[in-house]
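All remarks here apply to the structure that follows.
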Amino acid sequence: MNPRIRTRPFLRLRALALLGLLAWPALADTIVHGDSGHPATRAEVLADLAAADFILLGETHDNPRHHQARAELMRGLPPGVKTVVLEQLERGRRLDPALPLDDALERAGFDRKAWGWPLHQPVFVAARDIGANLLGGNLGRKDGRRVAMEGESALDADQARLLQHSPLSDTARERLDESLSSGHCGHLPAARLPNMRLAQRARDAALARTLLESRDGPVVLLAGNGHVRRDYGVPVLLAGQAPGARVVSIGFMEAEPGDRPDAAHIGGAYDFVWFTAPAIREDPCAGFSMP
């Protein structure tokens, strides 16, 4: 999903919180199990990550705390992680470990403006510090736009085969459609939804292929929360291609006043959910229109 499109915020409540007129719940900076909503410790999370073949770390793109928290987890991983796959770079590109980070990002084609650099700096630095190679895994923007406009005819043979092998359930498809509609501020025409869904899944396929090709020990994926969901994201494709692999997915969500960590709103989409206070942002839907 476009990093510029965010969930609609509750600006007035956040402003009150900053003024001390409204207290954030203790849920902020709390980790819970994704199926039950019961509290989880960082030690539990790290133990599960240590046993995983694929470690999928989500994010709300513009929340600095999410990148800091992922950096903390990265530094807690046991030795052996050789590759970190990035949604923020196109598949086939990589960061040159011999270059300073800023130079490596520029050479790899990282879009600083689109991704709000230096938001991702803490987790990219952490990945380098543990000795991992950083590889791009995302579908190219032009390719993504082609799929969104042309549909299945824009898929290459490998993409089509991967998606056909791992279709979504009706429930998962409905959830993805709801997410796409919300992500476009309710302005996504119904006629465009099937191709937009396919474009999102094509991005997931690109990420999954890169993870599978990089499997030499545990592999980490850094991507938006939608990409790491167990019901319609990359895990669906990994399950189809590597059914015995151990996949651990962590969603990083923002806690609004009154939110509670229960299974009703977590829904088992992730193995763990790490809640943080929301980022302060302008309403992304103000003045939004479909391209």
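Note on naming: chains are A, B, ... as they come in the structure tokens, residues start from 1 per chain, ligands start from 1 in the order shown.
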
Worksheet entry | Neighbour list for range 43-51 of chain A as a ChimeraX atom specification, cut-off 8 Å, only C-alpha atoms, skip fewer than 5 positions in-chain | /A:73,76-78,246,248,272

Using the selection just defined, write its residues with N, CA and C atoms as a JSON list (two decimals), in the first residue's frame.
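Wrote it out as part-v6.json, contents follow:
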[["chain", "number", "residue", "atom", "x", "y", "z"],
["A", 73, "LEU", "N", 13.84, -5.49, 18.68],
["A", 73, "LEU", "CA", 13.69, -6.92, 18.42],
["A", 73, "LEU", "C", 14.83, -7.44, 17.56],
["A", 76, "GLY", "N", 17.81, -8.27, 19.41],
["A", 76, "GLY", "CA", 17.64, -9.39, 20.32],
["A", 76, "GLY", "C", 17.63, -10.74, 19.64],
["A", 77, "LEU", "N", 17.72, -10.76, 18.31],
["A", 77, "LEU", "CA", 17.71, -12.03, 17.59],
["A", 77, "LEU", "C", 19.02, -12.77, 17.78],
["A", 78, "PRO", "N", 18.97, -14.10, 17.80],
["A", 78, "PRO", "CA", 20.21, -14.87, 17.91],
["A", 78, "PRO", "C", 21.01, -14.78, 16.63],
["A", 246, "ARG", "N", 8.42, -22.39, 9.75],
["A", 246, "ARG", "CA", 7.89, -21.72, 10.94],
["A", 246, "ARG", "C", 7.89, -20.22, 10.67],
["A", 248, "VAL", "N", 6.62, -16.45, 11.98],
["A", 248, "VAL", "CA", 6.12, -15.64, 13.09],
["A", 248, "VAL", "C", 5.90, -14.23, 12.57],
["A", 272, "PHE", "N", 1.73, -12.03, 17.23],
["A", 272, "PHE", "CA", 1.82, -11.06, 18.33],
["A", 272, "PHE", "C", 1.42, -9.70, 17.78]]

Item to complete: Could you give me, as number ranges by chain, each residue of range 73-134 of chain A that DSSP assigns to alpha helix (DSSP H) when run on this structure's backbone?
Response: A: 73-75, 101-108, 112-115, 121-129

Practice prompt. Find the distance between CA of Ser289 in chain A and CA of Gly151 in chain A and write it in Å to one decimal.
Written response: 21.5 Å

Item to complete: From range 40-263 of chain A, collect each residue whose DSSP state is strand (DSSP E) and return the set as a ChimeraX atom specification.
Response: /A:54-57,83-90,133-138,219-222,247-254

Fill in: Which residue of A:His61, A:Lys82, A:His184, A:Arg42 approaches Arg215 in chain A most closely, using only C-alpha atoms
A:Lys82

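You can rank A:Arg75, A:Arg173, A:Arg146, A:Arg209 by their closest distance to Asp158 in chain A using only C-alpha atoms, and at the top of that list sits A:Arg209.
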
Practice prompt. Would you kindly return, as an MDAnalysis selection string, each protein, DNA or RNA residue with an atom no farther than 12 Å from any atom of range 67-69 of chain A, considering only C-alpha atoms and excluding same-chain residues fewer than 6 positions away?
Written response: chainID A and resid 29:31 42 57:61 75:76 116:127 222:224 250:253 273:276 279

Discussion item. Taking only C-alpha atoms into account, name the residue in A:Pro167, A:Gly37, A:Pro79, A:Gly131 that is nearest to Gly240 in chain A.
Written reply: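 Nearest candidate to Gly240 in chain A out of A:Pro167, A:Gly37, A:Pro79, A:Gly131: A:Pro167.
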